[in-house]
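Below: model26.txt (compact mmCIF, C-alpha atoms)
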# COMPACT_ATOMS: atom_id res chain seq x y z
CA MET A 1 -6.85 -18.44 21.77
CA ARG A 2 -4.47 -19.58 19.02
CA PHE A 3 -6.44 -22.84 18.50
CA ASN A 4 -9.76 -20.96 18.32
CA TYR A 5 -8.31 -18.49 15.81
CA PHE A 6 -7.29 -21.23 13.38
CA VAL A 7 -10.56 -23.14 13.86
CA THR A 8 -12.52 -19.97 13.02
CA ALA A 9 -10.34 -19.29 9.99
CA PHE A 10 -10.67 -22.90 8.77
CA LEU A 11 -14.46 -22.93 9.09
CA ALA A 12 -14.77 -19.56 7.34
CA CYS A 13 -12.68 -20.85 4.45
CA GLN A 14 -14.68 -24.07 4.19
CA LEU A 15 -18.01 -22.25 4.09
CA ALA A 16 -16.76 -19.83 1.47
CA ALA A 17 -15.29 -22.65 -0.60
CA PHE A 18 -18.75 -24.17 -0.89
CA GLY A 19 -20.19 -20.80 -1.99
CA ALA A 20 -22.20 -20.39 1.21
CA GLY A 21 -23.97 -17.07 0.89
CA LEU A 22 -21.27 -15.01 -0.80
CA PRO A 23 -22.46 -11.44 -1.46
CA GLU A 24 -22.75 -9.79 -4.85
CA GLY A 25 -19.42 -9.26 -6.57
CA VAL A 26 -17.51 -11.68 -4.31
CA ARG A 27 -16.22 -15.13 -5.18
CA ARG A 28 -13.37 -17.51 -4.37
CA VAL A 29 -10.52 -17.93 -6.87
CA LYS A 30 -7.05 -19.43 -7.05
CA VAL A 31 -4.21 -16.96 -7.69
CA LEU A 32 -0.77 -18.41 -8.47
CA ASN A 33 -0.51 -21.14 -5.84
CA TYR A 34 -2.86 -19.49 -3.32
CA PRO A 35 -6.18 -21.34 -3.12
CA ASP A 36 -9.50 -19.80 -2.04
CA CYS A 37 -8.50 -16.16 -2.43
CA PHE A 38 -11.37 -13.68 -2.36
CA GLU A 39 -12.08 -11.80 -5.57
CA LEU A 40 -14.02 -8.52 -5.70
CA ALA A 41 -15.31 -7.50 -9.13
CA ASN A 42 -17.74 -5.01 -10.65
CA GLY A 43 -17.27 -5.50 -14.38
CA GLU A 44 -14.06 -3.85 -15.60
CA THR A 45 -12.33 -3.70 -12.19
CA ARG A 46 -11.02 -6.76 -10.37
CA VAL A 47 -9.39 -7.09 -6.95
CA THR A 48 -7.99 -10.30 -5.46
CA LEU A 49 -6.96 -10.65 -1.84
CA CYS A 50 -4.46 -13.01 -0.22
CA HIS A 51 -5.05 -14.11 3.38
CA GLN A 52 -2.48 -16.91 3.33
CA VAL A 53 0.56 -14.62 3.56
CA GLY A 54 0.25 -11.26 5.22
CA GLY A 55 -3.22 -10.00 4.29
CA ARG A 56 -2.41 -8.41 0.90
CA VAL A 57 -3.94 -7.28 -2.38
CA LEU A 58 -2.60 -9.51 -5.16
CA GLU A 59 -4.40 -7.86 -8.03
CA TYR A 60 -5.88 -4.43 -8.61
CA SER A 61 -6.72 -4.30 -12.28
CA PHE A 62 -8.78 -2.22 -14.67
CA LYS A 63 -9.57 -3.57 -18.13
CA GLY A 64 -7.31 -6.53 -17.43
CA ARG A 65 -4.16 -4.56 -16.53
CA ASN A 66 -2.85 -5.18 -13.03
CA ALA A 67 -1.35 -2.07 -11.40
CA LEU A 68 0.49 -4.21 -8.84
CA TYR A 69 3.77 -6.05 -9.19
CA LEU A 70 3.22 -9.70 -8.27
CA ASP A 71 6.45 -11.67 -7.96
CA PRO A 72 6.20 -14.76 -10.25
CA ARG A 73 8.21 -16.74 -7.68
CA GLU A 74 5.05 -16.82 -5.58
CA GLU A 75 3.77 -19.46 -8.02
CA LYS A 76 5.87 -21.88 -5.98
CA TRP A 77 4.48 -20.86 -2.59
CA GLY A 78 3.71 -23.88 -0.45
CA THR A 79 5.94 -26.23 -2.46
CA PRO A 80 9.34 -27.67 -1.51
CA GLY A 81 11.93 -24.99 -2.08
CA GLY A 82 9.27 -22.32 -2.61
CA PRO A 83 9.28 -18.94 -0.85
CA LYS A 84 8.27 -19.03 2.81
CA ALA A 85 7.21 -15.42 3.25
CA PRO A 86 6.67 -13.66 -0.09
CA SER A 87 5.53 -10.08 0.19
CA SER A 88 5.04 -8.51 -3.23
CA ALA A 89 1.95 -6.71 -4.57
CA GLY A 90 -0.43 -4.67 -2.38
CA ARG A 91 1.28 -4.69 0.99
CA PHE A 92 0.39 -2.78 4.17
CA ASP A 93 2.29 -2.44 7.42
CA ILE A 94 2.67 -0.35 10.58
CA GLY A 95 5.61 1.76 11.73
CA PRO A 96 7.71 3.73 12.37
CA GLU A 97 10.19 1.72 10.35
CA TYR A 98 13.25 1.93 12.59
CA LEU A 99 11.46 1.50 15.92
CA ILE A 100 8.94 -1.27 15.41
CA PRO A 101 10.00 -4.83 16.36
CA GLU A 102 9.92 -7.87 14.09
CA ARG A 103 6.27 -8.80 13.42
CA ASP A 104 6.17 -11.95 11.32
CA LYS A 105 2.60 -12.80 12.31
CA LEU A 106 1.43 -9.50 10.82
CA TRP A 107 3.78 -9.28 7.84
CA SER A 108 3.80 -12.84 6.54
CA GLY A 109 1.53 -14.88 8.79
CA GLU A 110 -1.80 -16.42 7.87
CA TRP A 111 -4.84 -14.16 8.25
CA GLU A 112 -8.56 -14.84 8.59
CA ALA A 113 -10.71 -13.81 5.62
CA GLU A 114 -14.46 -13.20 5.46
CA ALA A 115 -16.90 -11.54 3.08
CA ILE A 116 -18.70 -8.65 4.79
CA GLY A 117 -20.94 -7.27 2.05
CA PRO A 118 -21.24 -6.65 -1.70
CA ARG A 119 -17.71 -6.45 -3.12
CA ALA A 120 -16.32 -6.24 0.41
CA VAL A 121 -13.96 -8.48 2.39
CA ARG A 122 -12.33 -8.28 5.81
CA LEU A 123 -8.87 -9.70 6.53
CA THR A 124 -7.87 -10.11 10.19
CA SER A 125 -4.39 -10.88 11.46
CA GLN A 126 -3.40 -13.12 14.30
CA PRO A 127 -2.81 -11.30 17.59
CA ASP A 128 0.83 -10.20 17.70
CA ASP A 129 2.57 -10.12 21.08
CA ALA A 130 5.68 -8.41 19.73
CA THR A 131 3.79 -5.21 18.87
CA GLY A 132 0.82 -5.70 21.20
CA ILE A 133 -1.70 -5.25 18.41
CA GLN A 134 -3.98 -7.00 15.95
CA LEU A 135 -4.68 -5.66 12.45
CA ILE A 136 -8.01 -5.60 10.63
CA ARG A 137 -8.13 -4.66 6.95
CA ASN A 138 -11.43 -3.96 5.19
CA PHE A 139 -11.50 -3.76 1.39
CA ARG A 140 -14.54 -2.38 -0.45
CA LEU A 141 -14.81 -2.07 -4.22
CA ALA A 142 -17.36 0.41 -5.57
CA ARG A 143 -20.36 -0.84 -7.54
CA THR A 144 -18.95 0.82 -10.67
CA GLY A 145 -15.57 2.32 -11.51
CA THR A 146 -12.22 1.57 -9.91
CA HIS A 147 -12.57 3.00 -6.40
CA LEU A 148 -11.16 0.57 -3.82
CA ALA A 149 -11.33 1.65 -0.17
CA CYS A 150 -8.54 0.06 1.88
CA GLU A 151 -9.08 0.57 5.60
CA GLN A 152 -6.52 -0.65 8.12
CA THR A 153 -7.45 -0.73 11.80
CA ILE A 154 -4.82 -1.10 14.52
CA ARG A 155 -6.33 -2.68 17.65
CA ASN A 156 -4.39 -2.58 20.91
CA ILE A 157 -4.54 -6.00 22.58
CA SER A 158 -1.95 -5.15 25.23
CA LYS A 159 -2.28 -3.58 28.68
CA GLU A 160 -0.40 -0.39 27.84
CA PRO A 161 -0.84 2.44 25.32
CA LYS A 162 0.60 1.95 21.84
CA TYR A 163 1.67 4.57 19.31
CA TRP A 164 2.07 2.65 16.04
CA ALA A 165 1.07 4.35 12.80
CA HIS A 166 -0.18 3.27 9.38
CA TRP A 167 2.52 2.47 6.82
CA SER A 168 1.55 1.48 3.28
CA ARG A 169 4.09 -0.52 1.25
CA THR A 170 2.33 -1.13 -2.07
CA PHE A 171 4.43 -2.56 -4.91
CA ALA A 172 3.24 -1.09 -8.24
CA VAL A 173 4.54 -2.01 -11.68
CA HIS A 174 7.94 -0.56 -12.60
CA GLY A 175 8.64 2.25 -15.06
CA GLY A 176 6.00 4.81 -14.12
CA ILE A 177 6.18 8.50 -13.20
CA GLY A 178 5.25 9.66 -9.70
CA VAL A 179 3.46 13.02 -9.33
CA ILE A 180 3.35 14.53 -5.83
CA PRO A 181 1.48 17.83 -5.34
CA GLN A 182 3.26 20.24 -3.01
CA THR A 183 1.96 22.10 0.04
CA PRO A 184 4.37 25.05 0.45
CA ASP A 185 2.78 26.25 3.71
CA THR A 186 3.84 23.02 5.45
CA ARG A 187 7.17 22.44 3.69
CA ARG A 188 9.98 21.13 5.92
CA PHE A 189 12.42 19.77 3.31
CA PRO A 190 14.40 22.38 1.33
CA ASN A 191 14.00 20.50 -1.96
CA GLY A 192 10.60 19.02 -1.18
CA PHE A 193 12.07 15.59 -0.49
CA VAL A 194 14.87 13.78 1.31
CA MET A 195 16.85 10.77 0.14
CA TYR A 196 17.75 7.81 2.34
CA ASN A 197 21.18 6.24 2.01
CA GLN A 198 20.43 2.80 3.47
CA GLY A 199 23.90 1.37 2.92
CA ALA A 200 26.49 0.26 5.46
CA ASP A 201 26.62 3.77 6.94
CA PRO A 202 22.94 4.90 6.83
CA SER A 203 22.17 8.58 6.49
CA ILE A 204 19.47 10.96 5.30
CA ILE A 205 20.45 13.43 2.57
CA LEU A 206 18.63 16.67 3.37
CA ARG A 207 19.26 18.55 0.11
CA PRO A 208 19.32 15.77 -2.48
CA THR A 209 19.50 16.24 -6.20
CA ASP A 210 18.84 13.56 -8.78
CA PRO A 211 18.27 13.69 -12.54
CA ASN A 212 15.08 11.67 -12.14
CA VAL A 213 13.48 13.98 -9.56
CA ARG A 214 12.43 17.51 -10.46
CA MET A 215 10.14 20.27 -9.28
CA ARG A 216 7.81 21.49 -12.01
CA GLY A 217 5.25 24.08 -11.06
CA ASN A 218 3.61 22.98 -7.83
CA PHE A 219 4.49 19.30 -8.31
CA LEU A 220 7.44 17.02 -7.74
CA GLU A 221 7.96 14.42 -10.43
CA VAL A 222 9.81 11.14 -9.90
CA ARG A 223 10.60 10.00 -13.42
CA GLY A 224 12.63 6.85 -12.84
CA PRO A 225 15.07 5.01 -10.54
CA THR A 226 17.07 7.31 -8.27
CA ARG A 227 20.65 7.22 -6.98
CA PHE A 228 19.39 5.83 -3.67
CA PRO A 229 15.93 4.26 -4.06
CA LYS A 230 14.14 5.58 -0.97
CA LEU A 231 12.69 9.09 -1.20
CA GLY A 232 10.69 10.80 1.56
CA PHE A 233 8.28 13.70 0.94
CA ASP A 234 6.69 16.33 3.19
CA SER A 235 3.49 16.98 1.20
CA ASN A 236 0.18 17.19 3.08
CA ALA A 237 -1.90 17.29 -0.11
CA GLY A 238 -3.38 13.88 0.77
CA TRP A 239 -2.99 12.38 -2.70
CA PHE A 240 -0.46 11.43 -5.34
CA ALA A 241 -0.56 9.83 -8.76
CA TYR A 242 1.69 7.23 -10.32
CA VAL A 243 1.29 7.28 -14.11
CA MET A 244 2.09 3.81 -15.44
CA PRO A 245 3.46 2.76 -18.85
CA HIS A 246 0.18 1.03 -19.74
CA ASP A 247 -1.66 4.39 -19.83
CA GLN A 248 -3.27 4.32 -16.40
CA ALA A 249 -2.66 6.51 -13.37
CA PHE A 250 -2.67 4.76 -9.99
CA VAL A 251 -4.04 7.37 -7.57
CA LYS A 252 -4.07 7.12 -3.80
CA ARG A 253 -6.03 9.49 -1.58
CA TYR A 254 -5.52 9.41 2.18
CA PRO A 255 -5.71 11.67 5.27
CA SER A 256 -2.63 13.83 5.80
CA PRO A 257 -3.44 16.39 8.51
CA LYS A 258 -1.10 19.35 8.57
CA ASP A 259 -0.91 19.28 12.35
CA GLY A 260 -0.27 15.52 12.51
CA VAL A 261 2.79 13.99 14.17
CA TYR A 262 4.61 11.82 11.62
CA PRO A 263 6.92 9.46 13.53
CA GLU A 264 9.40 8.43 10.84
CA ILE A 265 12.95 9.71 11.41
CA ALA A 266 12.59 12.50 8.83
CA GLY A 267 8.96 13.24 9.71
CA LEU A 268 7.89 12.31 6.19
CA THR A 269 4.26 11.91 5.10
CA LEU A 270 4.88 9.80 2.00
CA CYS A 271 7.66 7.63 0.56
CA PHE A 272 8.61 6.26 -2.83
CA TRP A 273 11.11 3.44 -3.20
CA TYR A 274 12.23 3.42 -6.82
CA PRO A 275 15.04 0.89 -7.48
CA LYS A 276 16.51 -0.13 -10.80
CA ALA A 277 14.40 -2.77 -12.53
CA GLU A 278 17.16 -5.38 -12.33
CA GLN A 279 17.15 -4.95 -8.54
CA VAL A 280 13.38 -5.17 -8.06
CA PRO A 281 11.01 -4.62 -11.00
CA ALA A 282 8.58 -2.64 -8.84
CA VAL A 283 8.06 0.79 -7.29
CA GLU A 284 6.93 1.06 -3.68
CA LEU A 285 4.22 3.66 -2.97
CA GLU A 286 4.03 4.45 0.75
CA PRO A 287 1.54 6.82 2.37
CA HIS A 288 2.30 7.27 6.08
CA GLY A 289 -0.26 7.93 8.78
CA SER A 290 0.17 10.27 11.70
CA ARG A 291 0.82 8.91 15.17
CA LYS A 292 -2.08 8.62 17.60
CA LYS A 293 -2.31 7.22 21.11
CA ILE A 294 -4.04 3.83 21.12
CA PRO A 295 -5.16 2.96 24.68
CA PRO A 296 -5.46 -0.65 25.86
CA GLY A 297 -8.47 -2.16 24.12
CA GLY A 298 -8.67 0.85 21.80
CA LYS A 299 -8.19 1.13 18.06
CA VAL A 300 -7.39 3.62 15.31
CA SER A 301 -8.11 3.39 11.59
CA PHE A 302 -6.58 4.76 8.41
CA THR A 303 -8.15 4.55 4.94
CA GLU A 304 -6.42 4.73 1.58
CA ASP A 305 -8.76 5.27 -1.37
CA TRP A 306 -7.35 3.76 -4.56
CA TYR A 307 -8.30 4.65 -8.13
CA LEU A 308 -7.12 3.68 -11.61
CA LEU A 309 -7.63 6.50 -14.11
CA GLU A 310 -7.08 6.29 -17.84
CA HIS A 311 -4.17 8.64 -18.55
CA LYS A 312 -1.76 8.57 -21.46
CA PHE A 313 1.85 7.83 -20.57
CA PRO A 314 4.10 10.47 -22.17
CA ALA A 315 6.06 9.45 -25.25
CA ALA A 316 9.77 10.22 -25.52
CA GLY A 317 10.26 13.98 -25.46
CA GLU A 318 6.78 14.63 -24.07
CA GLU A 319 5.73 15.60 -20.55
CA ILE A 320 2.69 15.01 -18.35
CA ASP A 321 0.29 17.95 -18.26
CA LEU A 322 0.42 18.19 -14.47
CA GLU A 323 -2.45 20.63 -14.01
CA ASN A 324 -4.64 18.51 -16.26
CA LEU A 325 -3.74 15.39 -14.27
CA ALA A 326 -4.58 17.17 -11.00
CA ALA A 327 -7.94 18.26 -12.45
CA GLN A 328 -8.62 14.69 -13.56
CA VAL A 329 -7.88 13.42 -10.05
CA GLU A 330 -10.25 15.97 -8.54
CA ARG A 331 -12.92 15.10 -11.07
CA GLU A 332 -12.69 11.31 -11.14
CA ALA A 333 -11.04 10.23 -7.88
CA ARG A 334 -13.54 11.42 -5.30
How does the structure come out when it is put into structure tokens?
Amino acid sequence: MRFNYFVTAFLACQLAAFGAGLPEGVRRVKVLNYPDCFELANGETRVTLCHQVGGRVLEYSFKGRNALYLDPREEKWGTPGGPKAPSSAGRFDIGPEYLIPERDKLWSGEWEAEAIGPRAVRLTSQPDDATGIQLIRNFRLARTGTHLACEQTIRNISKEPKYWAHWSRTFAVHGGIGVIPQTPDTRRFPNGFVMYNQGADPSIILRPTDPNVRMRGNFLEVRGPTRFPKLGFDSNAGWFAYVMPHDQAFVKRYPSPKDGVYPEIAGLTLCFWYPKAEQVPAVELEPHGSRKKIPPGGKVSFTEDWYLLEHKFPAAGEEIDLENLAAQVEREAR
């Protein structure tokens, strides 16, 4: 099976490299030191996908501004002394975080890549014995605008039920402001969020306070690096916005059923990881899916819909008009 997987992947890459029947809005490009990446484009929006290391999005840009943090050290991938398993930019995963075993084939292994339609590409992982699953990720860029549909399917290849859930781990550019709409009828956290102390003696702070996190109206704002970087939220609104310094809002929409079972320790539906820039110059944006039973041979899917909206970053002393931003999301990110 392993030999056939790599033969299929090699042939697919060779055909694509020669431009064999690529659909509209799809081409092969080199990104950093990754050859033969797939690019999806529709004019002002560009998406590039990496199948060599972990099945990721390397670029999600509108008008030439990439919303994702791409570690420049990846320029040396595949060279002596270069990184073996880089994992910046548009990452996806499965969880829950503290229960799932090591899964190098999924996280940093080589994936198969194939064009599946206009501005659409499928990335498929190797089968992973540690978790008993295989991952399939479909990416579809709209004909116009910035809408990128990111669908992850978890396929059970084992002989017993599995209960893994979707876990997004996207690295966006540093320095933005996170806006999380609240759902008071499903609130579980007294302050709307919890804070993870992931040090030598890990703990979850249930009533955290931080100068860079505040409740304003019906929204939580994360305005910069926090005392401990990892924040968990209980919102079931099914969207959030991350307003970036280059005057764009990175919006994610995703299913967040109120009656879902969220298997992370704190039962969170969404995480931010906001370190100081000198630690990691990126902010991790992490929608979490609810847990579902995946029978042997079965599969479950979760789709994140990404958008980049033009939105002015507030100057010093100014604030985001939160209701206006929410209206813009409803109007433009559908």
>> At a cut-off of 12 Å around the point (0.8, 7.9, 2.3) (file coordinates), what residues fall inside when counting only C-alpha atoms? I'd like the answer as a ChimeraX atom specification.
In response: /A:92-94,165-170,180,232-241,251-257,262,268-272,284-290,302-306
I need the chosen residues saved as an mmCIF file, in the frame of the given file, with C-alpha atoms.
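Written file, result36.cif:
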data_model
loop_
_atom_site.group_PDB
_atom_site.id
_atom_site.type_symbol
_atom_site.label_atom_id
_atom_site.label_comp_id
_atom_site.auth_asym_id
_atom_site.auth_seq_id
_atom_site.Cartn_x
_atom_site.Cartn_y
_atom_site.Cartn_z
ATOM 1 C CA PHE A 92 0.390 -2.780 4.170
ATOM 2 C CA ASP A 93 2.290 -2.440 7.420
ATOM 3 C CA ILE A 94 2.670 -0.350 10.580
ATOM 4 C CA ALA A 165 1.070 4.350 12.800
ATOM 5 C CA HIS A 166 -0.180 3.270 9.380
ATOM 6 C CA TRP A 167 2.520 2.470 6.820
ATOM 7 C CA SER A 168 1.550 1.480 3.280
ATOM 8 C CA ARG A 169 4.090 -0.520 1.250
ATOM 9 C CA THR A 170 2.330 -1.130 -2.070
ATOM 10 C CA ILE A 180 3.350 14.530 -5.830
ATOM 11 C CA GLY A 232 10.690 10.800 1.560
ATOM 12 C CA PHE A 233 8.280 13.700 0.940
ATOM 13 C CA ASP A 234 6.690 16.330 3.190
ATOM 14 C CA SER A 235 3.490 16.980 1.200
ATOM 15 C CA ASN A 236 0.180 17.190 3.080
ATOM 16 C CA ALA A 237 -1.900 17.290 -0.110
ATOM 17 C CA GLY A 238 -3.380 13.880 0.770
ATOM 18 C CA TRP A 239 -2.990 12.380 -2.700
ATOM 19 C CA PHE A 240 -0.460 11.430 -5.340
ATOM 20 C CA ALA A 241 -0.560 9.830 -8.760
ATOM 21 C CA VAL A 251 -4.040 7.370 -7.570
ATOM 22 C CA LYS A 252 -4.070 7.120 -3.800
ATOM 23 C CA ARG A 253 -6.030 9.490 -1.580
ATOM 24 C CA TYR A 254 -5.520 9.410 2.180
ATOM 25 C CA PRO A 255 -5.710 11.670 5.270
ATOM 26 C CA SER A 256 -2.630 13.830 5.800
ATOM 27 C CA PRO A 257 -3.440 16.390 8.510
ATOM 28 C CA TYR A 262 4.610 11.820 11.620
ATOM 29 C CA LEU A 268 7.890 12.310 6.190
ATOM 30 C CA THR A 269 4.260 11.910 5.100
ATOM 31 C CA LEU A 270 4.880 9.800 2.000
ATOM 32 C CA CYS A 271 7.660 7.630 0.560
ATOM 33 C CA PHE A 272 8.610 6.260 -2.830
ATOM 34 C CA GLU A 284 6.930 1.060 -3.680
ATOM 35 C CA LEU A 285 4.220 3.660 -2.970
ATOM 36 C CA GLU A 286 4.030 4.450 0.750
ATOM 37 C CA PRO A 287 1.540 6.820 2.370
ATOM 38 C CA HIS A 288 2.300 7.270 6.080
ATOM 39 C CA GLY A 289 -0.260 7.930 8.780
ATOM 40 C CA SER A 290 0.170 10.270 11.700
ATOM 41 C CA PHE A 302 -6.580 4.760 8.410
ATOM 42 C CA THR A 303 -8.150 4.550 4.940
ATOM 43 C CA GLU A 304 -6.420 4.730 1.580
ATOM 44 C CA ASP A 305 -8.760 5.270 -1.370
ATOM 45 C CA TRP A 306 -7.350 3.760 -4.560
#
> Rounded to one decimal in Å, what is the spacing between atom CA of Arg140 of chain A and atom CA of Glu39 of chain A?
Replying inline: 11.0 Å
Each residue of segment 93-202 of chain A lying at most 9 Å from segment 313-332 of chain A should get a row with its shortest atom-to-atom pair and the distance in Å to one decimal, counting only C-alpha atoms; could you produce that, ordered by chain and increasing number, as JSON lines?
{"residue": "A:Gly176", "atom": "CA", "partner": "A:Phe313", "partner_atom": "CA", "distance": 8.2}
{"residue": "A:Ile177", "atom": "CA", "partner": "A:Phe313", "partner_atom": "CA", "distance": 8.6}
{"residue": "A:Val179", "atom": "CA", "partner": "A:Leu322", "partner_atom": "CA", "distance": 7.9}
{"residue": "A:Pro181", "atom": "CA", "partner": "A:Ala326", "partner_atom": "CA", "distance": 8.3}
Could you please take those selected residues and save C-alpha atoms as a PDB file, in the coordinates of the input?
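The file below, out22.pdb, is the result:
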ATOM      1  CA  GLY A 176       6.000   4.810 -14.120  1.00  0.00           C
ATOM      2  CA  ILE A 177       6.180   8.500 -13.200  1.00  0.00           C
ATOM      3  CA  VAL A 179       3.460  13.020  -9.330  1.00  0.00           C
ATOM      4  CA  PRO A 181       1.480  17.830  -5.340  1.00  0.00           C
TER       5      PRO A 181
END
>> So that I can see what lies close to Glu44 of chain A, please list as number ranges by chain the residues with an atom at most 9 Å from it, counting only C-alpha atoms and leaving out residues fewer than 4 positions away in the same chain.
In response: A: 61-64, 144-146
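Atom CA of Met195 of chain A lies 28.6 Å from atom CA of Lys293 of chain A.
Taking only C-alpha atoms into account, Arg27 of chain A lies nearest to A:Pro118 out of the set A:Gly109, A:Gly81, A:Pro118, A:Pro208.
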Segment 310-323 of chain A rebuilt with N, CA, C and O atoms, output as a PDB file, in the coordinates of the input:
ATOM      1  N   GLU A 310      -7.683   6.356 -16.513  1.00  0.00           N
ATOM      2  CA  GLU A 310      -7.080   6.290 -17.840  1.00  0.00           C
ATOM      3  C   GLU A 310      -6.316   7.578 -18.109  1.00  0.00           C
ATOM      4  O   GLU A 310      -6.894   8.679 -18.088  1.00  0.00           O
ATOM      5  N   HIS A 311      -5.008   7.463 -18.311  1.00  0.00           N
ATOM      6  CA  HIS A 311      -4.170   8.640 -18.550  1.00  0.00           C
ATOM      7  C   HIS A 311      -2.992   8.225 -19.406  1.00  0.00           C
ATOM      8  O   HIS A 311      -2.248   7.303 -19.060  1.00  0.00           O
ATOM      9  N   LYS A 312      -2.794   8.926 -20.502  1.00  0.00           N
ATOM     10  CA  LYS A 312      -1.760   8.570 -21.460  1.00  0.00           C
ATOM     11  C   LYS A 312      -0.372   8.749 -20.855  1.00  0.00           C
ATOM     12  O   LYS A 312      -0.056   9.782 -20.270  1.00  0.00           O
ATOM     13  N   PHE A 313       0.462   7.720 -20.999  1.00  0.00           N
ATOM     14  CA  PHE A 313       1.850   7.830 -20.570  1.00  0.00           C
ATOM     15  C   PHE A 313       2.615   8.638 -21.610  1.00  0.00           C
ATOM     16  O   PHE A 313       2.457   8.421 -22.819  1.00  0.00           O
ATOM     17  N   PRO A 314       3.439   9.602 -21.186  1.00  0.00           N
ATOM     18  CA  PRO A 314       4.100  10.470 -22.170  1.00  0.00           C
ATOM     19  C   PRO A 314       5.091   9.716 -23.041  1.00  0.00           C
ATOM     20  O   PRO A 314       5.866   8.886 -22.555  1.00  0.00           O
ATOM     21  N   ALA A 315       5.074  10.014 -24.325  1.00  0.00           N
ATOM     22  CA  ALA A 315       6.060   9.450 -25.250  1.00  0.00           C
ATOM     23  C   ALA A 315       7.395  10.152 -25.048  1.00  0.00           C
ATOM     24  O   ALA A 315       7.489  11.166 -24.339  1.00  0.00           O
ATOM     25  N   ALA A 316       8.446   9.617 -25.633  1.00  0.00           N
ATOM     26  CA  ALA A 316       9.770  10.220 -25.520  1.00  0.00           C
ATOM     27  C   ALA A 316       9.721  11.673 -25.977  1.00  0.00           C
ATOM     28  O   ALA A 316       9.176  11.982 -27.045  1.00  0.00           O
ATOM     29  N   GLY A 317      10.256  12.564 -25.148  1.00  0.00           N
ATOM     30  CA  GLY A 317      10.260  13.980 -25.460  1.00  0.00           C
ATOM     31  C   GLY A 317       9.014  14.723 -25.028  1.00  0.00           C
ATOM     32  O   GLY A 317       8.961  15.961 -25.116  1.00  0.00           O
ATOM     33  N   GLU A 318       7.998  14.005 -24.560  1.00  0.00           N
ATOM     34  CA  GLU A 318       6.780  14.630 -24.070  1.00  0.00           C
ATOM     35  C   GLU A 318       6.786  14.693 -22.549  1.00  0.00           C
ATOM     36  O   GLU A 318       7.607  14.045 -21.891  1.00  0.00           O
ATOM     37  N   GLU A 319       5.854  15.481 -21.993  1.00  0.00           N
ATOM     38  CA  GLU A 319       5.730  15.600 -20.550  1.00  0.00           C
ATOM     39  C   GLU A 319       4.266  15.467 -20.144  1.00  0.00           C
ATOM     40  O   GLU A 319       3.355  15.732 -20.934  1.00  0.00           O
ATOM     41  N   ILE A 320       4.044  15.055 -18.908  1.00  0.00           N
ATOM     42  CA  ILE A 320       2.690  15.010 -18.350  1.00  0.00           C
ATOM     43  C   ILE A 320       2.183  16.434 -18.167  1.00  0.00           C
ATOM     44  O   ILE A 320       2.915  17.308 -17.684  1.00  0.00           O
ATOM     45  N   ASP A 321       0.952  16.679 -18.574  1.00  0.00           N
ATOM     46  CA  ASP A 321       0.290  17.950 -18.260  1.00  0.00           C
ATOM     47  C   ASP A 321      -0.167  17.849 -16.802  1.00  0.00           C
ATOM     48  O   ASP A 321      -1.196  17.259 -16.495  1.00  0.00           O
ATOM     49  N   LEU A 322       0.638  18.403 -15.901  1.00  0.00           N
ATOM     50  CA  LEU A 322       0.420  18.190 -14.470  1.00  0.00           C
ATOM     51  C   LEU A 322      -0.887  18.806 -13.981  1.00  0.00           C
ATOM     52  O   LEU A 322      -1.598  18.202 -13.173  1.00  0.00           O
ATOM     53  N   GLU A 323      -1.205  19.991 -14.444  1.00  0.00           N
ATOM     54  CA  GLU A 323      -2.450  20.630 -14.010  1.00  0.00           C
ATOM     55  C   GLU A 323      -3.658  19.847 -14.521  1.00  0.00           C
ATOM     56  O   GLU A 323      -4.661  19.700 -13.814  1.00  0.00           O
TER      57      GLU A 323
END
